[in-house]
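Source file: protein_13.cif (mmCIF, C-alpha atoms)
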```cif
data_protein
#
loop_
_atom_site.label_atom_id
_atom_site.label_comp_id
_atom_site.auth_asym_id
_atom_site.auth_seq_id
_atom_site.Cartn_x
_atom_site.Cartn_y
_atom_site.Cartn_z
CA MET A 1 149.81 30.93 109.60
CA PRO A 2 147.08 28.40 108.68
CA PHE A 3 144.40 27.54 111.20
CA GLN A 4 145.60 23.97 111.66
CA GLU A 5 149.21 25.08 112.24
CA ARG A 6 147.99 27.47 114.95
CA ASN A 7 146.06 24.54 116.40
CA ALA A 8 149.23 22.45 116.45
CA TRP A 9 151.09 25.19 118.35
CA ALA A 10 148.23 25.50 120.85
CA TYR A 11 148.02 21.70 121.27
CA GLY A 12 151.74 21.36 122.06
CA LEU A 13 151.98 24.46 124.26
CA ILE A 14 148.90 23.50 126.31
CA ALA A 15 150.30 20.00 126.90
CA VAL A 16 153.63 21.44 128.08
CA ALA A 17 151.94 24.09 130.24
CA GLY A 18 149.67 21.47 131.83
CA TYR A 19 152.63 19.25 132.66
CA ALA A 20 154.60 22.21 134.05
CA VAL A 21 151.69 23.04 136.38
CA TYR A 22 151.48 19.39 137.41
CA LEU A 23 155.21 19.25 138.23
CA ALA A 24 154.97 22.54 140.14
CA LEU A 25 152.15 21.04 142.24
CA VAL A 26 153.64 17.57 142.81
CA LEU A 27 157.41 18.07 143.08
CA PRO A 28 157.14 19.99 146.39
CA ARG A 29 155.20 17.03 147.81
CA LEU A 30 158.04 14.59 147.21
CA GLY A 31 160.36 13.72 150.04
CA GLY A 32 158.47 11.13 152.09
CA PRO A 33 157.26 7.67 151.05
CA ILE A 34 156.23 7.72 147.39
CA SER A 35 152.98 5.85 148.14
CA GLU A 36 151.83 8.78 150.27
CA VAL A 37 152.39 11.50 147.67
CA GLY A 38 149.09 13.12 146.79
CA TYR A 39 149.50 13.25 143.02
CA GLN A 40 146.06 12.02 141.98
CA LEU A 41 144.11 15.25 142.21
CA PRO A 42 146.78 17.43 140.50
CA LEU A 43 147.10 14.83 137.71
CA LEU A 44 143.37 14.67 137.08
CA ALA A 45 143.06 18.45 137.28
CA CYS A 46 145.95 19.06 134.87
CA VAL A 47 144.79 16.43 132.34
CA GLY A 48 141.22 17.74 132.51
CA GLY A 49 142.40 21.35 132.34
CA ALA A 50 144.57 20.62 129.30
CA VAL A 51 141.67 18.89 127.52
CA LEU A 52 139.34 21.83 128.24
CA ALA A 53 142.00 24.37 127.25
CA GLY A 54 142.56 22.47 123.99
CA ILE A 55 138.84 22.56 123.18
CA LEU A 56 138.62 26.27 124.03
CA ALA A 57 141.72 27.05 121.96
CA GLY A 58 140.21 25.21 118.99
CA ILE A 59 136.99 27.21 119.31
CA VAL A 60 138.79 30.56 119.66
CA LEU A 61 141.26 29.88 116.84
CA GLY A 62 138.45 28.60 114.65
CA ALA A 63 136.50 31.80 115.23
CA LEU A 64 139.46 33.79 113.90
CA VAL A 65 139.21 32.08 110.49
CA PRO A 66 137.38 34.41 108.08
CA LYS A 67 133.99 33.18 106.90
CA GLY A 68 134.02 31.42 103.55
CA VAL A 69 137.62 30.27 103.97
CA PRO A 70 138.00 26.49 104.40
CA ARG A 71 139.50 25.55 107.76
CA GLU A 72 141.25 22.48 106.40
CA ASP A 73 141.80 20.58 103.19
CA VAL A 74 143.42 17.35 102.07
CA ARG A 75 146.93 18.64 102.88
CA ASP A 76 145.89 19.54 106.44
CA ARG A 77 144.43 16.07 106.89
CA GLN A 78 147.62 14.43 105.57
CA ILE A 79 149.73 16.51 107.96
CA GLY A 80 147.34 15.68 110.80
CA ARG A 81 147.69 11.95 110.12
CA PHE A 82 151.48 12.31 109.91
CA GLY A 83 151.56 14.01 113.33
CA GLU A 84 149.23 11.44 114.88
CA ARG A 85 151.37 8.58 113.55
CA LEU A 86 154.52 9.96 115.18
CA GLY A 87 152.70 10.90 118.37
CA SER A 88 151.10 7.48 118.80
CA GLY A 89 154.57 5.91 118.99
CA THR A 90 155.27 7.93 122.13
CA VAL A 91 151.97 6.87 123.72
CA ILE A 92 152.89 3.24 123.07
CA LEU A 93 156.33 3.82 124.60
CA GLY A 94 154.69 5.29 127.73
CA ALA A 95 152.32 2.32 127.90
CA VAL A 96 155.19 -0.17 127.59
CA VAL A 97 157.09 1.58 130.40
CA ALA A 98 153.91 1.55 132.53
CA LEU A 99 153.43 -2.15 131.76
CA LEU A 100 156.97 -2.95 132.87
CA LEU A 101 156.49 -0.89 136.03
CA ALA A 102 153.28 -2.80 136.79
CA LEU A 103 154.98 -6.16 136.15
CA PHE A 104 157.69 -5.21 138.62
CA ALA A 105 155.04 -4.09 141.15
CA ALA A 106 156.09 -0.45 141.12
CA ASP A 107 154.04 2.06 143.07
CA PRO A 108 150.96 3.35 141.18
CA PHE A 109 152.60 6.79 141.37
CA TRP A 110 155.24 5.72 138.84
CA ILE A 111 152.76 3.89 136.61
CA ALA A 112 150.39 6.86 136.42
CA ASN A 113 153.27 9.28 135.84
CA ALA A 114 154.77 7.14 133.08
CA ILE A 115 151.43 7.14 131.27
CA TYR A 116 150.91 10.88 131.76
CA LEU A 117 154.43 11.67 130.55
CA GLY A 118 153.72 9.48 127.51
CA PHE A 119 150.61 11.56 126.76
CA VAL A 120 152.52 14.83 127.12
CA LEU A 121 155.43 13.69 124.97
CA SER A 122 152.98 12.38 122.39
CA ALA A 123 151.30 15.78 122.20
CA VAL A 124 154.65 17.55 121.88
CA VAL A 125 155.99 15.15 119.23
CA SER A 126 152.72 15.28 117.29
CA ALA A 127 152.57 19.09 117.41
CA ALA A 128 156.25 19.48 116.47
CA ALA A 129 155.88 17.03 113.56
CA ARG A 130 152.85 18.92 112.23
CA ILE A 131 154.55 22.32 112.54
CA VAL A 132 157.65 21.04 110.71
CA ALA A 133 155.45 19.45 108.04
CA TYR A 134 153.62 22.75 107.51
CA ARG A 135 156.88 24.66 107.13
CA ARG A 136 159.05 22.19 105.26
CA GLY A 137 156.70 19.66 103.71
CA ILE A 138 155.53 16.16 104.54
CA PRO A 139 158.43 13.68 104.55
CA GLY A 140 158.25 10.69 102.26
CA MET B 1 164.29 16.89 106.94
CA THR B 2 162.45 17.46 103.69
CA GLY B 3 163.26 19.55 100.70
CA ARG B 4 161.47 20.50 97.56
CA THR B 5 159.30 17.90 95.93
CA ARG B 6 160.18 16.50 92.50
CA VAL B 7 157.03 18.01 91.05
CA ALA B 8 157.87 21.38 89.53
CA ASN B 9 155.13 23.78 88.51
CA ARG B 10 154.40 26.99 86.66
CA LEU B 11 151.40 27.99 88.74
CA ARG B 12 152.65 31.48 89.52
CA ALA B 13 153.26 32.33 85.86
CA LEU B 14 149.97 30.74 84.81
CA ARG B 15 148.04 32.65 87.47
CA PHE B 16 149.40 35.93 86.16
CA ALA B 17 148.66 34.88 82.62
CA ARG B 18 145.05 34.29 83.68
CA GLY B 19 144.40 37.92 84.60
CA GLU B 20 146.57 37.95 87.69
CA MET B 21 144.49 35.37 89.48
CA THR B 22 145.32 35.46 93.18
CA GLN B 23 146.35 32.45 95.23
CA ALA B 24 143.11 32.82 97.19
CA GLU B 25 141.04 32.74 93.97
CA LEU B 26 142.82 29.64 92.73
CA ALA B 27 142.41 28.00 96.15
CA ALA B 28 138.68 28.75 96.14
CA ARG B 29 138.25 27.29 92.65
CA VAL B 30 140.06 24.09 93.60
CA GLY B 31 138.55 23.84 97.09
CA VAL B 32 141.76 23.99 99.11
CA THR B 33 143.25 26.53 101.51
CA ARG B 34 145.45 29.37 100.23
CA GLN B 35 148.31 27.88 102.26
CA THR B 36 148.10 24.71 100.18
CA VAL B 37 148.39 26.70 96.95
CA ILE B 38 151.41 28.52 98.43
CA ALA B 39 152.99 25.20 99.47
CA ILE B 40 152.48 23.76 95.97
CA GLU B 41 153.90 26.85 94.26
CA GLN B 42 156.95 26.74 96.53
CA GLY B 43 157.47 23.03 95.86
CA ARG B 44 156.83 22.02 99.47
CA TYR B 45 153.80 19.88 98.66
CA SER B 46 153.01 17.49 95.84
CA PRO B 47 149.31 17.61 95.04
CA SER B 48 147.42 14.40 94.33
CA LEU B 49 146.82 13.61 90.67
CA GLU B 50 143.18 14.62 91.07
CA MET B 51 144.10 17.97 92.66
CA ALA B 52 146.72 18.59 89.97
CA PHE B 53 144.07 18.07 87.26
CA GLU B 54 141.70 20.42 89.10
CA ILE B 55 144.39 23.10 89.38
CA ALA B 56 145.27 22.79 85.70
CA ALA B 57 141.58 22.99 84.78
CA ALA B 58 141.13 26.08 86.96
CA LEU B 59 144.04 27.67 85.13
CA GLY B 60 142.69 26.55 81.75
CA VAL B 61 145.76 24.59 80.71
CA PRO B 62 146.64 20.91 80.21
CA LEU B 63 148.16 19.13 83.20
CA GLU B 64 151.66 18.98 81.70
CA GLU B 65 151.69 22.72 81.20
CA ALA B 66 151.03 23.32 84.89
CA PHE B 67 153.15 20.53 86.39
CA GLN B 68 156.37 18.84 85.39
CA TYR B 69 158.12 15.90 87.01
CA GLU B 70 161.82 16.23 87.72
CA PRO B 71 163.30 12.70 87.88
CA PRO B 72 166.16 12.17 90.35
CA SER B 73 169.61 12.41 88.83
CA ASP B 74 171.76 9.26 88.87
CA SER B 75 174.82 11.08 90.26
#
```
Hey, can you dump this file as C-alpha coordinates for me?
Amino acid sequence: MPFQERNAWAYGLIAVAGYAVYLALVLPRLGGPISEVGYQLPLLACVGGAVLAGILAGIVLGALVPKGVPREDVRDRQIGRFGERLGSGTVILGAVVALLLALFAADPFWIANAIYLGFVLSAVVSAAARIVAYRRGIPG
Amino acid sequence: MTGRTRVANRLRALRFARGEMTQAELAARVGVTRQTVIAIEQGRYSPSLEMAFEIAAALGVPLEEAFQYEPPSDS
(Lines of atoms letter the chains of each structure in order from A and count residues from 1; the text may use other names and numbers.)
(Lines give C-alpha, C1' and ligand atoms only; values in the text may rest on other atoms or scores of the structure.)
Protein backbone atom coordinates (compact mmCIF):
# COMPACT_ATOMS: atom_id res chain seq x y z
CA MET A 1 0.00 0.00 0.00
CA PRO A 2 1.53 3.37 -1.00
CA PHE A 3 2.49 5.86 1.69
CA GLN A 4 -0.19 8.36 0.71
CA GLU A 5 -2.93 5.70 0.74
CA ARG A 6 -1.87 4.71 4.27
CA ASN A 7 -2.02 8.40 5.14
CA ALA A 8 -5.57 8.60 3.78
CA TRP A 9 -6.63 5.63 5.94
CA ALA A 10 -5.02 7.21 9.02
CA TYR A 11 -6.60 10.61 8.26
CA GLY A 12 -10.13 9.15 8.00
CA LEU A 13 -9.80 6.76 10.95
CA ILE A 14 -8.38 9.44 13.26
CA ALA A 15 -11.24 11.81 12.38
CA VAL A 16 -13.82 9.10 13.12
CA ALA A 17 -12.06 8.04 16.34
CA GLY A 18 -11.86 11.66 17.52
CA TYR A 19 -15.56 12.19 16.88
CA ALA A 20 -16.44 8.92 18.62
CA VAL A 21 -14.51 10.04 21.72
CA TYR A 22 -16.25 13.42 21.57
CA LEU A 23 -19.70 11.80 21.40
CA ALA A 24 -18.80 9.43 24.24
CA LEU A 25 -17.84 12.45 26.37
CA VAL A 26 -20.75 14.74 25.46
CA LEU A 27 -23.77 12.47 24.97
CA PRO A 28 -23.92 11.50 28.67
CA ARG A 29 -24.07 15.22 29.52
CA LEU A 30 -27.25 15.77 27.52
CA GLY A 31 -30.57 15.79 29.31
CA GLY A 32 -30.82 19.27 30.83
CA PRO A 33 -30.92 22.66 29.08
CA ILE A 34 -28.73 22.54 25.98
CA SER A 35 -27.08 25.88 26.85
CA GLU A 36 -25.65 24.31 30.00
CA VAL A 37 -24.03 21.31 28.32
CA GLY A 38 -20.28 21.44 28.80
CA TYR A 39 -19.21 20.52 25.28
CA GLN A 40 -16.50 23.13 24.75
CA LEU A 41 -13.59 21.40 26.44
CA PRO A 42 -14.28 17.94 24.92
CA LEU A 43 -14.64 19.54 21.46
CA LEU A 44 -11.39 21.45 21.71
CA ALA A 45 -9.59 18.42 23.15
CA CYS A 46 -10.88 16.07 20.44
CA VAL A 47 -10.12 18.48 17.57
CA GLY A 48 -6.66 19.18 18.98
CA GLY A 49 -6.05 15.50 19.67
CA ALA A 50 -7.07 14.54 16.14
CA VAL A 51 -4.76 17.18 14.64
CA LEU A 52 -1.83 15.97 16.77
CA ALA A 53 -2.61 12.31 16.02
CA GLY A 54 -2.71 13.13 12.31
CA ILE A 55 0.70 14.80 12.47
CA LEU A 56 2.16 11.89 14.46
CA ALA A 57 0.65 9.33 12.07
CA GLY A 58 2.19 11.19 9.12
CA ILE A 59 5.61 11.15 10.80
CA VAL A 60 5.40 7.45 11.74
CA LEU A 61 4.07 6.35 8.35
CA GLY A 62 6.65 8.50 6.60
CA ALA A 63 9.42 6.85 8.60
CA LEU A 64 8.28 3.46 7.30
CA VAL A 65 8.98 4.48 3.69
CA PRO A 66 12.36 3.04 2.63
CA LYS A 67 15.08 5.60 1.96
CA GLY A 68 15.51 6.55 -1.68
CA VAL A 69 11.88 5.78 -2.50
CA PRO A 70 9.80 8.87 -3.38
CA ARG A 71 6.95 9.46 -0.94
CA GLU A 72 4.68 10.97 -3.56
CA ASP A 73 4.57 11.79 -7.24
CA VAL A 74 2.26 13.55 -9.67
CA ARG A 75 -0.40 10.82 -9.35
CA ASP A 76 -0.43 11.15 -5.55
CA ARG A 77 -0.86 14.90 -5.87
CA GLN A 78 -3.73 14.48 -8.35
CA ILE A 79 -5.45 12.03 -6.01
CA GLY A 80 -4.84 14.39 -3.08
CA ARG A 81 -6.47 17.28 -4.96
CA PHE A 82 -9.40 15.04 -5.94
CA GLY A 83 -9.96 14.10 -2.28
CA GLU A 84 -9.67 17.70 -1.11
CA ARG A 85 -12.18 18.85 -3.73
CA LEU A 86 -14.81 16.35 -2.55
CA GLY A 87 -14.04 16.97 1.11
CA SER A 88 -14.31 20.75 0.81
CA GLY A 89 -17.93 20.38 -0.32
CA THR A 90 -18.78 18.82 3.03
CA VAL A 91 -17.06 21.62 4.94
CA ILE A 92 -19.13 24.14 2.99
CA LEU A 93 -22.29 22.17 3.76
CA GLY A 94 -21.43 22.24 7.49
CA ALA A 95 -20.77 25.99 7.29
CA VAL A 96 -24.10 26.61 5.54
CA VAL A 97 -25.95 24.61 8.22
CA ALA A 98 -24.08 26.58 10.93
CA LEU A 99 -24.97 29.84 9.18
CA LEU A 100 -28.66 28.92 9.10
CA LEU A 101 -28.52 27.92 12.77
CA ALA A 102 -26.93 31.27 13.63
CA LEU A 103 -29.54 33.17 11.59
CA PHE A 104 -32.27 31.40 13.51
CA ALA A 105 -30.50 32.18 16.82
CA ALA A 106 -29.83 28.55 17.68
CA ASP A 107 -27.76 27.77 20.75
CA PRO A 108 -23.96 27.91 20.15
CA PHE A 109 -23.94 24.19 21.00
CA TRP A 110 -25.68 23.38 17.72
CA ILE A 111 -23.60 25.82 15.68
CA ALA A 112 -20.30 24.45 17.00
CA ASN A 113 -21.46 20.86 16.54
CA ALA A 114 -22.63 21.48 12.97
CA ILE A 115 -19.20 22.88 12.10
CA TYR A 116 -17.36 20.03 13.85
CA LEU A 117 -19.52 17.40 12.15
CA GLY A 118 -18.76 19.14 8.83
CA PHE A 119 -15.03 18.80 9.53
CA VAL A 120 -15.36 15.13 10.44
CA LEU A 121 -17.50 14.29 7.41
CA SER A 122 -15.08 16.22 5.20
CA ALA A 123 -12.18 14.14 6.49
CA VAL A 124 -14.10 10.91 5.96
CA VAL A 125 -15.28 11.85 2.45
CA SER A 126 -11.81 13.07 1.48
CA ALA A 127 -10.12 9.93 2.82
CA ALA A 128 -12.67 7.60 1.20
CA ALA A 129 -12.35 9.40 -2.15
CA ARG A 130 -8.56 9.10 -2.06
CA ILE A 131 -8.65 5.41 -1.12
CA VAL A 132 -11.11 4.64 -3.94
CA ALA A 133 -9.00 6.68 -6.37
CA TYR A 134 -5.89 4.71 -5.39
CA ARG A 135 -7.65 1.39 -5.91
CA ARG A 136 -9.84 2.10 -8.92
CA GLY A 137 -8.40 5.18 -10.57
CA ILE A 138 -9.20 8.88 -10.63
CA PRO A 139 -12.68 9.53 -12.09
CA GLY A 140 -12.97 11.80 -15.09
CA MET B 1 -17.05 4.24 -10.27
CA THR B 2 -14.10 4.16 -12.65
CA GLY B 3 -12.82 1.49 -14.94
CA ARG B 4 -9.81 1.09 -17.10
CA THR B 5 -8.52 4.13 -18.90
CA ARG B 6 -8.61 4.32 -22.70
CA VAL B 7 -4.83 4.40 -22.82
CA ALA B 8 -3.55 0.87 -23.37
CA ASN B 9 0.10 0.04 -22.90
CA ARG B 10 2.74 -2.62 -23.43
CA LEU B 11 4.90 -1.63 -20.49
CA ARG B 12 5.07 -5.11 -18.98
CA ALA B 13 6.23 -6.71 -22.22
CA LEU B 14 8.67 -3.88 -22.90
CA ARG B 15 10.13 -4.11 -19.40
CA PHE B 16 10.86 -7.79 -19.90
CA ALA B 17 12.30 -7.09 -23.32
CA ARG B 18 14.68 -4.61 -21.67
CA GLY B 19 16.43 -7.22 -19.53
CA GLU B 20 13.52 -7.85 -17.19
CA MET B 21 13.52 -4.32 -15.86
CA THR B 22 11.54 -4.22 -12.62
CA GLN B 23 8.68 -1.85 -11.93
CA ALA B 24 10.82 -0.22 -9.24
CA GLU B 25 13.66 0.36 -11.73
CA LEU B 26 11.31 1.91 -14.27
CA ALA B 27 9.73 4.05 -11.54
CA ALA B 28 13.16 5.29 -10.43
CA ARG B 29 14.14 6.19 -14.00
CA VAL B 30 10.94 8.15 -14.55
CA GLY B 31 10.84 9.68 -11.06
CA VAL B 32 7.52 8.27 -9.91
CA THR B 33 6.49 5.74 -7.27
CA ARG B 34 6.33 2.02 -8.07
CA GLN B 35 2.58 2.17 -7.36
CA THR B 36 2.17 4.64 -10.21
CA VAL B 37 3.92 2.29 -12.62
CA ILE B 38 1.65 -0.54 -11.41
CA ALA B 39 -1.45 1.66 -11.86
CA ILE B 40 -0.38 2.58 -15.41
CA GLU B 41 0.36 -1.04 -16.35
CA GLN B 42 -3.03 -2.11 -15.03
CA GLY B 43 -4.79 0.68 -16.93
CA ARG B 44 -5.99 2.43 -13.77
CA TYR B 45 -4.08 5.64 -14.46
CA SER B 46 -3.43 7.61 -17.62
CA PRO B 47 -0.01 9.25 -17.45
CA SER B 48 0.45 12.81 -18.65
CA LEU B 49 1.93 13.20 -22.13
CA GLU B 50 5.24 14.23 -20.58
CA MET B 51 5.33 11.18 -18.29
CA ALA B 52 4.38 8.91 -21.19
CA PHE B 53 7.33 10.25 -23.21
CA GLU B 54 9.63 9.73 -20.22
CA ILE B 55 8.44 6.14 -19.77
CA ALA B 56 8.89 5.38 -23.46
CA ALA B 57 12.38 6.91 -23.37
CA ALA B 58 13.27 4.87 -20.29
CA LEU B 59 12.19 1.76 -22.16
CA GLY B 60 14.04 2.85 -25.30
CA VAL B 61 11.03 2.81 -27.60
CA PRO B 62 8.92 5.41 -29.42
CA LEU B 63 5.83 6.64 -27.59
CA GLU B 64 3.40 4.77 -29.84
CA GLU B 65 5.14 1.50 -29.14
CA ALA B 66 4.62 1.91 -25.40
CA PHE B 67 1.14 3.45 -25.40
CA GLN B 68 -1.90 3.11 -27.61
CA TYR B 69 -5.18 5.00 -27.45
CA GLU B 70 -8.38 2.97 -27.57
CA PRO B 71 -11.16 5.25 -28.88
CA PRO B 72 -14.65 4.67 -27.45
CA SER B 73 -16.88 2.48 -29.59
CA ASP B 74 -20.02 4.08 -31.05
CA SER B 75 -22.28 1.23 -29.92
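The environment of Leu52 (chain A) within 12 Å, counting only C-alpha atoms and disregarding residues fewer than 6 places along the same chain, consists of Tyr11, Ile14, Ala15, Gly18, Ala45, Cys46, Gly58 and Ile59 of chain A.
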Any chance you could export the current selection's C-alpha atoms as an mmCIF file, in the frame of the given file?
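Written file, result00.cif:
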```
data_model
loop_
_atom_site.group_PDB
_atom_site.id
_atom_site.type_symbol
_atom_site.label_atom_id
_atom_site.label_comp_id
_atom_site.auth_asym_id
_atom_site.auth_seq_id
_atom_site.Cartn_x
_atom_site.Cartn_y
_atom_site.Cartn_z
ATOM 1 C CA TYR A 11 148.020 21.700 121.270
ATOM 2 C CA ILE A 14 148.900 23.500 126.310
ATOM 3 C CA ALA A 15 150.300 20.000 126.900
ATOM 4 C CA GLY A 18 149.670 21.470 131.830
ATOM 5 C CA ALA A 45 143.060 18.450 137.280
ATOM 6 C CA CYS A 46 145.950 19.060 134.870
ATOM 7 C CA GLY A 58 140.210 25.210 118.990
ATOM 8 C CA ILE A 59 136.990 27.210 119.310
#
```
Residues selected by the PyMOL selection byres ((chain A and resi 127-131) around 8), written as a PDB file with C-alpha atoms, in the frame of the given file:
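Contents of the output file part-v2.pdb:
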```pdb
ATOM      1  CA  GLU A   5     149.210  25.080 112.240  1.00  0.00           C
ATOM      2  CA  ALA A   8     149.230  22.450 116.450  1.00  0.00           C
ATOM      3  CA  TRP A   9     151.090  25.190 118.350  1.00  0.00           C
ATOM      4  CA  TYR A  11     148.020  21.700 121.270  1.00  0.00           C
ATOM      5  CA  GLY A  12     151.740  21.360 122.060  1.00  0.00           C
ATOM      6  CA  ILE A  79     149.730  16.510 107.960  1.00  0.00           C
ATOM      7  CA  GLY A  80     147.340  15.680 110.800  1.00  0.00           C
ATOM      8  CA  PHE A  82     151.480  12.310 109.910  1.00  0.00           C
ATOM      9  CA  GLY A  83     151.560  14.010 113.330  1.00  0.00           C
ATOM     10  CA  LEU A  86     154.520   9.960 115.180  1.00  0.00           C
ATOM     11  CA  ALA A 123     151.300  15.780 122.200  1.00  0.00           C
ATOM     12  CA  VAL A 124     154.650  17.550 121.880  1.00  0.00           C
ATOM     13  CA  VAL A 125     155.990  15.150 119.230  1.00  0.00           C
ATOM     14  CA  SER A 126     152.720  15.280 117.290  1.00  0.00           C
ATOM     15  CA  VAL A 132     157.650  21.040 110.710  1.00  0.00           C
ATOM     16  CA  ALA A 133     155.450  19.450 108.040  1.00  0.00           C
ATOM     17  CA  TYR A 134     153.620  22.750 107.510  1.00  0.00           C
ATOM     18  CA  ARG A 135     156.880  24.660 107.130  1.00  0.00           C
TER      19      ARG A 135
END
```
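One finds CA of Ala24 (chain B) at 12.8 Å from CA of Leu11 (chain B).
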Using 12 Å as the limit and counting only C-alpha atoms, can you tabulate each residue of chain B that touches chain A, with its shortest atom-to-atom distance in Å and the two atoms involved, as a Markdown table?
```
| residue | atom | partner | partner_atom | distance |
| --- | --- | --- | --- | --- |
| B:Met1 | CA | A:Pro139 | CA | 7.1 |
| B:Thr2 | CA | A:Pro139 | CA | 5.6 |
| B:Gly3 | CA | A:Arg136 | CA | 6.7 |
| B:Arg4 | CA | A:Gly137 | CA | 7.8 |
| B:Thr5 | CA | A:Gly137 | CA | 8.4 |
| B:Arg6 | CA | A:Gly140 | CA | 11.5 |
| B:Ala24 | CA | A:Val69 | CA | 9.1 |
| B:Glu25 | CA | A:Val69 | CA | 10.9 |
| B:Ala27 | CA | A:Val69 | CA | 9.4 |
| B:Ala28 | CA | A:Val69 | CA | 8.0 |
| B:Arg29 | CA | A:Val69 | CA | 11.7 |
| B:Val30 | CA | A:Asp73 | CA | 10.4 |
| B:Gly31 | CA | A:Asp73 | CA | 7.6 |
| B:Val32 | CA | A:Asp73 | CA | 5.3 |
| B:Thr33 | CA | A:Pro70 | CA | 6.0 |
| B:Arg34 | CA | A:Pro2 | CA | 8.7 |
| B:Gln35 | CA | A:Pro2 | CA | 6.6 |
| B:Thr36 | CA | A:Arg75 | CA | 6.7 |
| B:Val37 | CA | A:Arg75 | CA | 10.1 |
| B:Ile38 | CA | A:Arg135 | CA | 11.0 |
| B:Ala39 | CA | A:Gly137 | CA | 7.9 |
| B:Ile40 | CA | A:Gly137 | CA | 9.7 |
| B:Gln42 | CA | A:Arg136 | CA | 10.1 |
| B:Gly43 | CA | A:Gly137 | CA | 8.6 |
| B:Arg44 | CA | A:Gly137 | CA | 4.9 |
| B:Tyr45 | CA | A:Gly137 | CA | 5.8 |
| B:Ser46 | CA | A:Gly137 | CA | 9.0 |
| B:Pro47 | CA | A:Arg75 | CA | 8.3 |
| B:Ser48 | CA | A:Val74 | CA | 9.2 |
| B:Glu50 | CA | A:Val74 | CA | 11.3 |
| B:Met51 | CA | A:Val74 | CA | 9.5 |
```
With C-alpha atoms retained, export the selected residues as a PDB file, keeping the file's coordinate frame.
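Resulting contents of out.pdb:
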```pdb
ATOM      1  CA  MET B   1     164.290  16.890 106.940  1.00  0.00           C
ATOM      2  CA  THR B   2     162.450  17.460 103.690  1.00  0.00           C
ATOM      3  CA  GLY B   3     163.260  19.550 100.700  1.00  0.00           C
ATOM      4  CA  ARG B   4     161.470  20.500  97.560  1.00  0.00           C
ATOM      5  CA  THR B   5     159.300  17.900  95.930  1.00  0.00           C
ATOM      6  CA  ARG B   6     160.180  16.500  92.500  1.00  0.00           C
ATOM      7  CA  ALA B  24     143.110  32.820  97.190  1.00  0.00           C
ATOM      8  CA  GLU B  25     141.040  32.740  93.970  1.00  0.00           C
ATOM      9  CA  ALA B  27     142.410  28.000  96.150  1.00  0.00           C
ATOM     10  CA  ALA B  28     138.680  28.750  96.140  1.00  0.00           C
ATOM     11  CA  ARG B  29     138.250  27.290  92.650  1.00  0.00           C
ATOM     12  CA  VAL B  30     140.060  24.090  93.600  1.00  0.00           C
ATOM     13  CA  GLY B  31     138.550  23.840  97.090  1.00  0.00           C
ATOM     14  CA  VAL B  32     141.760  23.990  99.110  1.00  0.00           C
ATOM     15  CA  THR B  33     143.250  26.530 101.510  1.00  0.00           C
ATOM     16  CA  ARG B  34     145.450  29.370 100.230  1.00  0.00           C
ATOM     17  CA  GLN B  35     148.310  27.880 102.260  1.00  0.00           C
ATOM     18  CA  THR B  36     148.100  24.710 100.180  1.00  0.00           C
ATOM     19  CA  VAL B  37     148.390  26.700  96.950  1.00  0.00           C
ATOM     20  CA  ILE B  38     151.410  28.520  98.430  1.00  0.00           C
ATOM     21  CA  ALA B  39     152.990  25.200  99.470  1.00  0.00           C
ATOM     22  CA  ILE B  40     152.480  23.760  95.970  1.00  0.00           C
ATOM     23  CA  GLN B  42     156.950  26.740  96.530  1.00  0.00           C
ATOM     24  CA  GLY B  43     157.470  23.030  95.860  1.00  0.00           C
ATOM     25  CA  ARG B  44     156.830  22.020  99.470  1.00  0.00           C
ATOM     26  CA  TYR B  45     153.800  19.880  98.660  1.00  0.00           C
ATOM     27  CA  SER B  46     153.010  17.490  95.840  1.00  0.00           C
ATOM     28  CA  PRO B  47     149.310  17.610  95.040  1.00  0.00           C
ATOM     29  CA  SER B  48     147.420  14.400  94.330  1.00  0.00           C
ATOM     30  CA  GLU B  50     143.180  14.620  91.070  1.00  0.00           C
ATOM     31  CA  MET B  51     144.100  17.970  92.660  1.00  0.00           C
TER      32      MET B  51
END
```
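Pairwise distance (CA of Thr90 (chain A), CA of Gln4 (chain A)) equals 21.5 Å.
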### Message
On this structure, the PyMOL selection byres ((chain B and resi 15) around 12) would catch which residues? List them as an MDAnalysis selection string, sorted by chain and number.
### Response
chainID B and resid 9:14 16:27 37 41 55:61 66
#### Entry: Output check: residues returned by the PyMOL selection byres ((chain B and resi 8) around 6), as a list in words
Val7, Asn9, Phe67 and Gln68 of chain B
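We find CA of Tyr19 (chain A) and CA of Ile55 (chain A) to be spaced 17.1 Å apart.
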### Task
Give me the residues within 8 Å of region 106-109 of chain A as a VMD selection string, counting only C-alpha atoms and dropping any in the same chain fewer than 6 places off.
chain A and resid 34 to 35 37 39
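Near Val97 (chain A), within a cut-off of 9 Å and counting only C-alpha atoms, sit the residues A:Ile92, A:Leu93, A:Leu101, A:Ala102, A:Ile111, A:Ala114, A:Ile115, with same-chain residues fewer than 4 positions away left out.
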### Task
Pull the neighbourhood of (151.8, 11.7, 122.3) for me: all residues within 6 Å in file coordinates, counting only C-alpha atoms, as JSON, numbers by chain.
{"A": [87, 88, 90, 91, 118, 119, 120, 121, 122, 123]}
